[in-house]
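Dumped query.cif below, it's mmCIF, C-alpha atoms:
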```
data_final
loop_
_atom_site.label_atom_id
_atom_site.label_comp_id
_atom_site.auth_asym_id
_atom_site.auth_seq_id
_atom_site.Cartn_x
_atom_site.Cartn_y
_atom_site.Cartn_z
CA ASP A 30 81.76 113.84 141.55
CA SER A 31 78.01 113.57 142.04
CA ARG A 32 75.63 115.29 139.64
CA GLY A 33 72.12 116.53 140.47
CA PRO A 34 70.32 116.39 143.80
CA GLU A 35 71.48 113.47 145.88
CA GLU A 36 68.01 112.50 147.06
CA ALA A 37 66.58 112.28 143.52
CA LEU A 38 69.30 110.12 141.96
CA PRO A 39 70.65 106.67 142.86
CA THR A 40 74.30 106.76 143.89
CA LEU A 41 76.72 104.13 142.61
CA THR A 42 80.09 103.34 144.14
CA VAL A 43 82.61 103.02 141.33
CA THR A 44 85.94 101.24 141.71
CA THR A 45 88.75 101.98 139.30
CA ILE A 46 92.52 101.78 138.97
CA LEU A 47 95.13 104.42 138.29
CA GLU A 48 96.48 103.96 134.77
CA ASP A 49 97.38 106.59 132.23
CA PRO A 50 95.31 107.77 130.31
CA TYR A 51 92.25 106.00 131.75
CA VAL A 52 92.37 107.38 135.30
CA MET A 53 94.96 109.89 136.52
CA VAL A 54 95.30 112.18 139.53
CA ARG A 55 95.60 115.85 138.53
CA SER A 56 95.36 118.61 141.16
CA ALA A 57 93.87 116.22 143.73
CA GLU A 58 91.10 115.26 141.29
CA LEU A 59 90.64 112.26 139.05
CA GLU A 60 90.52 112.67 135.29
CA GLY A 61 91.00 110.55 132.21
CA TYR A 62 89.17 108.48 129.63
CA CYS A 63 87.21 106.40 132.17
CA ILE A 64 86.22 109.46 134.21
CA ASP A 65 84.83 111.18 131.08
CA LEU A 66 83.03 107.95 130.14
CA LEU A 67 81.54 107.74 133.62
CA LYS A 68 80.29 111.34 133.41
CA ALA A 69 78.61 110.64 130.07
CA LEU A 70 76.94 107.47 131.38
CA ALA A 71 75.73 109.25 134.51
CA ALA A 72 74.18 112.01 132.40
CA MET A 73 72.40 109.48 130.18
CA LEU A 74 71.14 107.13 132.92
CA HIS A 75 70.57 109.78 135.60
CA PHE A 76 72.63 108.46 138.47
CA SER A 77 75.21 110.01 140.75
CA TYR A 78 78.46 108.28 141.70
CA LYS A 79 81.47 108.32 143.93
CA VAL A 80 84.78 107.01 142.66
CA LYS A 81 87.30 105.06 144.73
CA VAL A 82 90.66 103.71 143.62
CA VAL A 83 90.99 99.95 144.18
CA GLY A 84 92.72 99.21 147.47
CA ASP A 85 95.27 96.58 146.38
CA GLY A 86 96.02 98.18 143.00
CA GLN A 87 95.03 95.00 141.13
CA TYR A 88 92.67 94.40 138.22
CA GLY A 89 91.30 91.11 139.44
CA ALA A 90 92.58 87.56 139.58
CA VAL A 91 92.10 84.46 141.71
CA SER A 92 94.55 84.36 144.63
CA SER A 93 96.12 81.22 146.09
CA SER A 94 93.37 81.15 148.71
CA GLY A 95 90.73 81.00 145.99
CA ASN A 96 89.43 84.53 146.52
CA TRP A 97 89.35 87.24 143.88
CA THR A 98 91.64 90.23 144.22
CA GLY A 99 91.46 93.74 142.79
CA MET A 100 88.36 95.39 141.34
CA ILE A 101 86.64 92.03 140.70
CA GLY A 102 87.05 91.14 144.38
CA GLU A 103 85.58 94.49 145.50
CA ILE A 104 82.48 93.95 143.35
CA LEU A 105 82.03 90.40 144.67
CA ARG A 106 82.35 91.66 148.27
CA GLN A 107 79.86 94.45 147.36
CA GLU A 108 82.39 97.12 148.29
CA ALA A 109 81.63 98.68 144.88
CA ASP A 110 78.66 98.59 142.56
CA ILE A 111 80.51 98.82 139.25
CA ALA A 112 84.12 98.87 137.99
CA VAL A 113 84.93 101.42 135.27
CA ALA A 114 88.52 100.82 134.20
CA PRO A 115 90.58 99.21 131.44
CA LEU A 116 89.29 95.85 132.65
CA THR A 117 89.57 93.10 130.05
CA VAL A 118 86.55 90.86 129.56
CA THR A 119 87.72 87.27 130.14
CA SER A 120 85.89 83.98 130.56
CA ALA A 121 87.14 83.54 134.13
CA ARG A 122 85.89 86.97 135.19
CA GLU A 123 82.60 86.53 133.32
CA GLU A 124 81.87 83.48 135.51
CA VAL A 125 81.75 85.57 138.70
CA VAL A 126 80.66 89.05 137.51
CA SER A 127 78.74 90.52 134.56
CA PHE A 128 80.27 92.74 131.90
CA THR A 129 78.64 95.35 129.71
CA THR A 130 79.25 95.73 126.00
CA PRO A 131 82.96 96.62 125.61
CA PHE A 132 83.55 100.38 125.43
CA LEU A 133 87.05 100.02 124.01
CA GLN A 134 88.54 97.37 121.74
CA THR A 135 92.12 96.23 121.97
CA GLY A 136 94.32 93.31 120.96
CA ILE A 137 97.94 92.27 120.57
CA GLY A 138 100.11 94.44 118.34
CA ILE A 139 103.74 95.08 117.43
CA LEU A 140 105.45 98.31 118.52
CA LEU A 141 108.37 99.39 116.34
CA ARG A 142 110.79 102.24 116.06
CA LYS A 143 110.12 104.21 112.87
CA ASP A 144 113.73 104.52 111.80
CA THR A 145 114.10 100.74 111.52
CA VAL A 146 112.66 101.18 108.03
CA SER A 147 115.72 103.09 106.87
CA GLN A 148 117.81 99.94 107.23
CA GLU A 149 115.48 98.15 104.83
CA MET A 150 115.82 100.76 102.10
CA SER A 151 117.10 99.31 98.84
CA PHE A 152 120.34 100.52 97.26
CA PHE A 153 118.32 101.10 94.08
CA HIS A 154 115.58 103.02 95.89
CA PHE A 155 115.40 105.51 93.01
CA LEU A 156 113.72 102.81 90.90
CA ALA A 157 110.86 102.42 93.41
CA PRO A 158 108.45 105.07 91.98
CA PHE A 159 107.61 102.78 89.05
CA SER A 160 106.78 99.09 89.13
CA LYS A 161 108.91 96.56 87.25
CA GLU A 162 106.24 96.33 84.56
CA THR A 163 106.27 100.11 84.10
CA TRP A 164 110.07 100.21 83.76
CA THR A 165 109.88 97.36 81.24
CA GLY A 166 107.21 99.24 79.27
CA LEU A 167 109.31 102.41 79.34
CA LEU A 168 112.37 100.58 78.00
CA PHE A 169 110.29 98.98 75.25
CA ALA A 170 108.72 102.34 74.36
CA TYR A 171 112.16 103.97 74.19
CA VAL A 172 113.65 101.34 71.88
CA LEU A 173 110.54 101.25 69.69
CA THR A 174 110.44 105.03 69.36
CA CYS A 175 114.13 105.23 68.45
CA PHE A 176 113.67 102.48 65.87
CA CYS A 177 110.68 104.33 64.38
CA LEU A 178 112.77 107.52 64.19
CA PHE A 179 115.52 105.61 62.41
CA LEU A 180 113.03 103.95 60.04
CA VAL A 181 110.98 107.06 59.24
CA ALA A 182 114.09 109.19 58.70
CA ARG A 183 115.22 106.68 56.06
CA LEU A 184 111.83 106.38 54.38
CA SER A 185 110.98 110.08 54.22
CA PRO A 186 112.35 111.84 51.12
CA CYS A 187 111.98 115.16 52.97
CA GLU A 188 114.52 113.96 55.52
CA TRP A 189 116.76 111.99 53.15
CA ASN A 190 116.38 113.15 49.59
CA GLU A 191 119.33 111.45 47.87
CA PRO A 192 120.14 108.12 49.53
CA LYS A 193 123.14 107.45 47.29
CA ASN A 194 124.77 110.84 47.74
CA GLU A 195 123.62 112.17 51.11
CA GLU A 196 124.45 110.97 54.61
CA ASN A 197 121.49 110.23 56.84
CA HIS A 198 122.01 111.86 60.23
CA PHE A 199 119.43 109.62 61.91
CA THR A 200 121.50 106.45 62.19
CA PHE A 201 120.24 103.97 64.76
CA LEU A 202 122.84 105.08 67.33
CA ASN A 203 121.99 108.74 66.69
CA SER A 204 118.31 107.90 67.09
CA LEU A 205 119.04 106.25 70.44
CA TRP A 206 120.96 109.35 71.52
CA PHE A 207 118.13 111.62 70.35
CA GLY A 208 115.58 109.62 72.39
CA ALA A 209 117.81 109.59 75.49
CA GLY A 210 118.37 113.35 75.25
CA ALA A 211 114.64 114.00 75.06
CA LEU A 212 114.08 111.67 78.03
CA ALA A 213 116.48 113.81 80.07
CA LEU A 214 114.89 117.06 78.76
CA GLN A 215 118.11 117.99 76.97
CA GLY A 216 118.20 119.43 73.48
CA VAL A 217 120.12 117.17 71.10
CA THR A 218 120.94 116.96 67.42
CA PRO A 219 120.23 115.97 64.69
CA ARG A 220 117.18 118.16 64.26
CA PRO A 221 114.33 116.59 62.27
CA LYS A 222 113.27 118.18 58.97
CA ALA A 223 110.45 115.99 57.67
CA LEU A 224 106.92 116.23 59.04
CA SER A 225 106.82 112.49 59.77
CA VAL A 226 110.01 112.62 61.85
CA ARG A 227 108.80 115.72 63.66
CA VAL A 228 105.52 114.00 64.55
CA ILE A 229 107.39 111.14 66.22
CA ALA A 230 109.80 113.54 67.95
CA ALA A 231 106.95 115.72 69.26
CA VAL A 232 104.97 112.74 70.59
CA TRP A 233 108.09 111.38 72.29
CA TRP A 234 108.75 114.78 73.91
CA LEU A 235 105.16 114.87 75.20
CA PHE A 236 105.53 111.31 76.50
CA THR A 237 108.79 112.07 78.33
CA ILE A 238 107.47 115.27 79.97
CA ALA A 239 104.39 113.49 81.35
CA LEU A 240 106.49 110.49 82.41
CA LEU A 241 109.05 112.62 84.25
CA ALA A 242 106.26 114.53 86.00
CA ALA A 243 104.73 111.23 87.19
CA TYR A 244 108.15 109.96 88.33
CA ILE A 245 109.01 113.11 90.29
CA ALA A 246 105.57 113.26 91.93
CA ASN A 247 105.66 109.60 92.96
CA PHE A 248 109.27 109.79 94.13
CA THR A 249 108.42 112.81 96.29
CA ALA A 250 105.45 110.94 97.77
CA LEU A 251 107.69 107.94 98.43
CA LEU A 252 110.26 110.02 100.31
CA SER A 253 107.65 111.91 102.34
CA SER A 254 105.85 108.70 103.35
CA GLY A 255 109.03 106.77 104.03
CA SER A 256 108.47 106.70 107.79
CA GLU A 257 105.18 104.89 107.25
CA GLN A 258 106.69 102.09 105.16
CA LEU A 259 107.31 99.63 107.94
CA PRO A 260 109.50 96.58 107.34
CA ILE A 261 107.17 94.62 109.66
CA GLN A 262 103.47 94.61 108.73
CA THR A 263 102.34 91.30 110.25
CA PHE A 264 103.44 88.76 112.86
CA GLU A 265 104.54 86.49 110.03
CA ASP A 266 106.90 89.25 108.82
CA LEU A 267 108.29 89.45 112.35
CA VAL A 268 109.08 85.74 112.42
CA LYS A 269 110.67 85.67 108.97
CA GLN A 270 113.11 88.55 109.49
CA ARG A 271 116.39 88.30 111.42
CA LYS A 272 117.40 91.93 111.96
CA LEU A 273 114.96 92.83 114.75
CA GLU A 274 114.74 91.09 118.11
CA PHE A 275 111.30 90.96 119.71
CA GLY A 276 109.66 90.12 123.02
CA THR A 277 106.92 90.96 125.51
CA LEU A 278 106.43 91.38 129.26
CA ASP A 279 107.34 88.22 131.15
CA GLY A 280 104.23 86.47 132.49
CA SER A 281 101.79 88.89 130.83
CA SER A 282 98.51 87.87 129.21
CA THR A 283 100.18 88.48 125.85
CA PHE A 284 102.93 86.00 126.76
CA TYR A 285 100.38 83.33 127.71
CA TYR A 286 98.31 84.03 124.59
CA PHE A 287 101.22 82.94 122.42
CA LYS A 288 102.06 80.07 124.74
CA ASN A 289 98.54 78.61 124.46
CA SER A 290 97.97 79.38 120.77
CA LYS A 291 97.81 76.51 118.27
CA ASN A 292 98.83 78.78 115.38
CA PRO A 293 102.31 77.72 114.13
CA ILE A 294 103.40 81.34 113.61
CA HIS A 295 102.35 82.19 117.18
CA GLN A 296 104.16 79.09 118.49
CA MET A 297 107.37 80.23 116.78
CA ILE A 298 106.98 83.66 118.40
CA TYR A 299 106.48 82.06 121.81
CA GLU A 300 109.57 79.85 121.46
CA TYR A 301 111.64 82.90 120.55
CA MET A 302 110.26 85.03 123.41
CA ASP A 303 110.62 82.26 125.97
CA LYS A 304 114.38 82.57 125.57
CA ARG A 305 114.47 86.37 125.56
CA ARG A 306 112.12 88.02 128.07
CA ASP A 307 112.35 91.82 127.88
CA TYR A 308 110.59 95.15 128.38
CA VAL A 309 109.18 97.96 126.24
CA LEU A 310 112.04 100.39 126.90
CA ARG A 311 114.19 98.33 124.58
CA VAL A 312 112.10 99.49 121.62
CA MET A 313 113.42 103.02 122.04
CA GLU A 314 117.00 101.95 122.71
CA SER A 315 117.75 99.43 119.97
CA ASN A 316 116.42 97.51 116.99
CA TYR A 317 113.70 95.78 118.94
CA ALA A 318 110.01 95.06 118.37
CA PHE A 319 107.77 94.92 121.43
CA ILE A 320 104.69 92.68 121.38
CA GLY A 321 101.92 93.88 123.66
CA GLU A 322 98.50 95.44 124.02
CA SER A 323 97.69 97.43 120.91
CA ILE A 324 95.84 100.29 122.59
CA SER A 325 98.75 100.87 124.98
CA GLN A 326 101.08 100.84 122.00
CA ASP A 327 98.92 103.49 120.31
CA LEU A 328 99.41 105.67 123.38
CA ALA A 329 103.18 105.10 123.32
CA ALA A 330 103.25 105.99 119.60
CA ALA A 331 101.19 109.14 120.28
CA ARG A 332 103.66 110.33 122.91
CA HIS A 333 106.90 109.18 121.31
CA CYS A 334 107.06 110.27 117.69
CA ASN A 335 109.80 107.78 116.80
CA LEU A 336 107.51 104.83 117.61
CA ILE A 337 104.74 103.31 115.51
CA ARG A 338 102.46 100.28 115.74
CA ALA A 339 102.38 97.74 112.90
CA PRO A 340 98.98 97.35 111.18
CA GLU A 341 98.14 93.77 112.21
CA VAL A 342 96.34 93.20 115.53
CA ILE A 343 95.50 89.70 116.81
CA GLY A 344 93.69 88.31 119.84
CA ALA A 345 90.92 90.92 119.79
CA ARG A 346 89.38 91.65 123.16
CA GLY A 347 87.51 94.46 124.86
CA PHE A 348 87.39 96.55 128.01
CA GLY A 349 83.99 96.39 129.70
CA ILE A 350 82.28 97.76 132.79
CA ALA A 351 81.96 95.07 135.48
CA THR A 352 78.86 94.73 137.68
CA THR A 353 77.48 92.10 140.00
CA GLN A 354 75.71 89.25 138.23
CA ALA A 355 72.30 90.22 139.63
CA SER A 356 72.72 93.95 138.92
CA LEU A 357 69.94 95.79 137.08
CA TRP A 358 72.51 98.26 135.77
CA THR A 359 74.26 95.84 133.40
CA LYS A 360 71.81 96.10 130.52
CA LYS A 361 71.24 99.83 131.03
CA LEU A 362 74.96 100.51 130.91
CA SER A 363 75.39 98.28 127.83
CA ILE A 364 72.69 100.17 125.94
CA ALA A 365 74.22 103.49 126.99
CA VAL A 366 77.67 102.39 125.79
CA LEU A 367 76.19 101.36 122.42
CA LYS A 368 74.47 104.74 122.10
CA LEU A 369 77.75 106.54 122.84
CA ARG A 370 79.48 104.44 120.19
CA GLU A 371 76.77 105.06 117.59
CA SER A 372 76.84 108.82 118.21
CA GLY A 373 80.63 108.95 117.83
CA ASP A 374 81.21 110.06 121.43
CA LEU A 375 83.46 107.08 122.18
CA ASP A 376 85.61 107.95 119.16
CA ASN A 377 85.85 111.55 120.37
CA LEU A 378 86.96 110.36 123.81
CA ARG A 379 89.53 108.09 122.21
CA ASN A 380 90.93 110.95 120.12
CA LYS A 381 90.97 113.27 123.14
CA TRP A 382 93.04 111.05 125.43
CA TRP A 383 95.22 109.50 122.72
CA GLU A 384 95.94 112.85 121.12
CA THR A 385 99.43 113.15 119.63
CA SER A 386 101.70 116.11 119.10
CA CYS A 387 103.57 114.26 116.36
CA LEU A 388 103.26 115.43 112.78
CA HIS A 389 100.34 113.62 111.20
CA LYS A 390 101.12 111.91 107.92
CA SER A 391 98.95 109.96 105.57
CA ARG A 392 98.57 106.36 106.73
CA GLU A 393 97.62 105.23 103.25
CA ARG A 394 100.04 102.74 101.88
CA TRP A 395 102.28 104.06 99.14
CA SER A 396 102.59 101.88 96.05
CA PRO A 397 104.61 102.21 92.82
CA LEU A 398 102.88 103.41 89.68
CA GLN A 399 101.52 100.53 87.63
CA PRO A 400 101.35 100.49 83.78
CA GLN A 401 97.56 100.90 83.96
CA ALA A 402 98.00 104.36 85.50
CA LEU A 403 100.08 105.44 82.50
CA GLY A 404 98.10 103.47 79.92
CA GLY A 405 96.78 106.58 78.16
CA LEU A 406 100.32 107.95 77.90
CA PHE A 407 101.63 104.78 76.25
CA LEU A 408 98.61 104.70 73.94
CA THR A 409 99.26 108.31 72.85
CA LEU A 410 102.87 107.42 72.08
CA ALA A 411 101.79 104.38 70.03
CA ILE A 412 99.32 106.48 68.01
CA GLY A 413 102.01 109.11 67.41
CA LEU A 414 104.49 106.49 66.20
CA ALA A 415 101.89 105.03 63.85
CA LEU A 416 101.06 108.48 62.46
CA GLY A 417 104.76 109.19 61.93
CA VAL A 418 105.32 105.95 60.02
CA ILE A 419 102.16 106.53 57.93
CA ALA A 420 103.29 110.09 57.14
CA ALA A 421 106.71 108.83 56.03
CA VAL A 422 105.09 106.21 53.75
CA VAL A 423 102.82 108.91 52.27
CA GLU A 424 105.83 111.19 51.63
CA LEU A 425 107.72 108.36 49.93
CA SER A 426 104.62 107.43 47.88
CA ASN A 427 104.27 110.99 46.59
CA ARG A 428 107.91 111.04 45.56
CA SER A 429 107.56 107.64 43.86
CA ARG A 430 104.47 108.84 41.97
CA HIS A 431 106.35 111.84 40.57
CA ALA A 432 109.41 109.74 39.73
CA ALA A 433 107.32 107.07 37.98
CA GLY A 434 106.08 109.64 35.47
CA HIS A 435 109.63 110.56 34.45
CA VAL A 436 111.12 107.06 34.14
CA LYS A 437 107.99 105.49 32.59
CA LYS A 438 107.62 102.86 35.33
CA SER A 439 104.74 101.89 37.53
CA CYS A 440 104.37 103.71 40.82
CA CYS A 441 104.56 100.45 42.81
CA SER A 442 107.84 99.38 41.24
CA VAL A 443 109.44 102.77 41.87
CA PHE A 444 108.12 102.76 45.46
CA THR A 445 109.57 99.27 46.01
CA GLU A 446 112.95 100.29 44.59
CA GLU A 447 113.05 103.41 46.73
CA MET A 448 112.15 101.37 49.80
CA CYS A 449 114.87 98.78 49.15
CA THR A 450 117.45 101.44 48.40
CA ARG A 451 116.73 103.34 51.61
CA LEU A 452 116.67 100.28 53.83
CA ARG A 453 119.87 98.80 52.36
CA ILE A 454 121.83 101.95 51.82
CA LYS A 455 125.05 100.71 53.45
CA GLU A 456 125.32 97.85 51.01
CA ASN A 457 124.59 100.11 48.03
CA THR A 458 127.05 102.72 49.22
CA ARG A 459 129.74 100.07 49.57
CA GLN A 460 129.01 98.79 46.04
CA SER A 461 129.06 102.30 44.56
CA GLN A 462 132.39 103.01 46.32
CA GLU A 463 133.87 99.78 44.94
CA THR A 464 132.58 100.65 41.42
CA SER A 465 134.03 104.17 41.56
CA GLY A 466 137.31 102.73 42.82
CA ARG A 467 137.58 100.37 39.84
CA ALA A 468 136.72 103.19 37.44
CA ASN A 469 139.48 105.37 38.90
CA ALA A 470 141.91 102.49 38.63
#
```

Can you turn what I pasted into structure tokens?
Amino acid sequence: DSRGPEEALPTLTVTTILEDPYVMVRSAELEGYCIDLLKALAAMLHFSYKVKVVGDGQYGAVSSSGNWTGMIGEILRQEADIAVAPLTVTSAREEVVSFTTPFLQTGIGILLRKDTVSQEMSFFHFLAPFSKETWTGLLFAYVLTCFCLFLVARLSPCEWNEPKNEENHFTFLNSLWFGAGALALQGVTPRPKALSVRVIAAVWWLFTIALLAAYIANFTALLSSGSEQLPIQTFEDLVKQRKLEFGTLDGSSTFYYFKNSKNPIHQMIYEYMDKRRDYVLRVMESNYAFIGESISQDLAAARHCNLIRAPEVIGARGFGIATTQASLWTKKLSIAVLKLRESGDLDNLRNKWWETSCLHKSRERWSPLQPQALGGLFLTLAIGLALGVIAAVVELSNRSRHAAGHVKKSCCSVFTEEMCTRLRIKENTRQSQETSGRANA
């Protein structure tokens, strides 16, 4: 393990512990995250080293006799100069040894099985691509467009030339059917004749094509990112739900973190776990959420593609390199660790040893389309409806102007009569039918 001439470089005895992926035995040699970190530090600070695995297999705690066990004990007894391992920096350990700047950050996370999300899927999942506001806006736009079609078809003399003798195909129900057919990209009758009606129909067709494209694209994104939509995002979500059981390792630091926490959410978690003490294997076997060290959960998720860690991490803490309190190496190692972090080397090491063979998917949260995203589309539809109504009024005005010259009336009076006749045609038709019936009698 040494690098460079022995006589020119100081040699440090390094104690560590076997834990995947930090330190592992492969082909009678040690390798892993901590071994790579040690090599990088040795190259930067120009020292050689020899690595030994801790004798009792412990990290370091105070025994009943008052002595420290594990790697902390070996440093205190000067059996090792430094400890490079996933050794958590704690207040009790900091009292007897010195720690460098943490080289790896961890915390307490929630490990879940990905397919638990499928049980949370709504029966009306097909409505998810759009927000409630967008669906409301779409319904309003549909009704308004159909009403404008109905209104313009009545006002336009090019569409309805003789109100008293002709039947208007664009009744309100027919207009609703026309709008629904266009929304489903189906050709429907009646076919518009007047320019004003065609303007509204064309704008509605453009609106529906763009809307359907947005719906299909967002629905596809929703389905493809479904495995990332976890039912549990935070510890509060975990407490509120009743479908998933949860727990942690009995007597672990995570267990005592919740036991000693003053946070009411954490106290509720502790009370639940105190009655049900379980192990991580349950996560893969049933609907169970395991609470534990986040960085270990990341490794489990990297190796088991059906597992994933929830976003929230609490109780942040770090892994540091332990030295004796009087050691001159503490500050040097801290500065070297900071340099490795700033250069991105620590991130590269993390990616190397936590590499996953699972299919990578976007971790960005999916969200339904809001009305703001389709604001231009709704604005275009509104402008088209306004243009259609204006065109219909212009067509009726031109007809009224020509008719006013023949009947010797003002244009405004003829326009008003035409408007009233077209908007109350059912009543007039009924009166004309009654009149013709009396005449026949």

Write out as number ranges by chain which residues come within 7 Å of region 218-227 of chain A when counting all atoms listed in the file, dropping same-chain ones fewer than 2 positions away. A: 178, 181-182, 185, 187-188, 198-199, 207, 229-231, 417-418, 420-421

Enumerate, as JSON, numbers by chain, the residues matched when the PyMOL selection byres ((chain A and resi 425) around 8) is run on the file above. {"A": [184, 185, 186, 421, 422, 423, 424, 426, 427, 428, 429, 444, 447]}

Kindly give the distance, in Å, that separates CA of Leu212 (chain A) and CA of His154 (chain A), rounded to a single decimal.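 About the pair CA of Leu212 (chain A) and CA of His154 (chain A): they are 19.9 Å apart.
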
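Among the candidate residues A:Thr283, A:Thr42, A:Asn377, A:Gln87, the one lying nearest to Leu66 (chain A) is A:Asn377, with distances computed using only C-alpha atoms.
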
If you apply the PyMOL selection byres ((chain A and resi 208) around 9) to this file, what residues do you get, as number ranges by chain? A: 171-172, 174-175, 178, 203-207, 209-213, 217, 230, 233-234

Kindly output region 321-333 of chain A as a PDB file, in the coordinates of the input, after building N, CA and C atoms.
```
ATOM      1  N   GLY A 321     102.736  93.578 122.492  1.00  0.00           N
ATOM      2  CA  GLY A 321     101.920  93.880 123.660  1.00  0.00           C
ATOM      3  C   GLY A 321     100.549  94.373 123.263  1.00  0.00           C
ATOM      4  N   GLU A 322      99.865  94.978 124.234  1.00  0.00           N
ATOM      5  CA  GLU A 322      98.500  95.440 124.020  1.00  0.00           C
ATOM      6  C   GLU A 322      98.481  96.601 123.038  1.00  0.00           C
ATOM      7  N   SER A 323      97.662  96.470 122.006  1.00  0.00           N
ATOM      8  CA  SER A 323      97.690  97.430 120.910  1.00  0.00           C
ATOM      9  C   SER A 323      97.293  98.836 121.324  1.00  0.00           C
ATOM     10  N   ILE A 324      96.317  98.951 122.221  1.00  0.00           N
ATOM     11  CA  ILE A 324      95.840 100.290 122.590  1.00  0.00           C
ATOM     12  C   ILE A 324      96.878 101.016 123.442  1.00  0.00           C
ATOM     13  N   SER A 325      97.649 100.271 124.226  1.00  0.00           N
ATOM     14  CA  SER A 325      98.750 100.870 124.980  1.00  0.00           C
ATOM     15  C   SER A 325      99.877 101.282 124.042  1.00  0.00           C
ATOM     16  N   GLN A 326     100.074 100.487 122.998  1.00  0.00           N
ATOM     17  CA  GLN A 326     101.080 100.840 122.000  1.00  0.00           C
ATOM     18  C   GLN A 326     100.693 102.094 121.235  1.00  0.00           C
ATOM     19  N   ASP A 327      99.389 102.262 120.973  1.00  0.00           N
ATOM     20  CA  ASP A 327      98.920 103.490 120.310  1.00  0.00           C
ATOM     21  C   ASP A 327      99.237 104.706 121.165  1.00  0.00           C
ATOM     22  N   LEU A 328      99.100 104.566 122.484  1.00  0.00           N
ATOM     23  CA  LEU A 328      99.410 105.670 123.380  1.00  0.00           C
ATOM     24  C   LEU A 328     100.907 105.971 123.370  1.00  0.00           C
ATOM     25  N   ALA A 329     101.727 104.909 123.379  1.00  0.00           N
ATOM     26  CA  ALA A 329     103.180 105.100 123.320  1.00  0.00           C
ATOM     27  C   ALA A 329     103.581 105.784 122.016  1.00  0.00           C
ATOM     28  N   ALA A 330     102.944 105.386 120.904  1.00  0.00           N
ATOM     29  CA  ALA A 330     103.250 105.990 119.600  1.00  0.00           C
ATOM     30  C   ALA A 330     102.790 107.446 119.544  1.00  0.00           C
ATOM     31  N   ALA A 331     101.682 107.764 120.258  1.00  0.00           N
ATOM     32  CA  ALA A 331     101.190 109.140 120.280  1.00  0.00           C
ATOM     33  C   ALA A 331     102.117 110.057 121.058  1.00  0.00           C
ATOM     34  N   ARG A 332     102.808 109.504 122.050  1.00  0.00           N
ATOM     35  CA  ARG A 332     103.660 110.330 122.910  1.00  0.00           C
ATOM     36  C   ARG A 332     105.132 110.290 122.517  1.00  0.00           C
ATOM     37  N   HIS A 333     105.506 109.277 121.784  1.00  0.00           N
ATOM     38  CA  HIS A 333     106.900 109.180 121.310  1.00  0.00           C
ATOM     39  C   HIS A 333     106.862 109.085 119.787  1.00  0.00           C
TER      40      HIS A 333
END
```
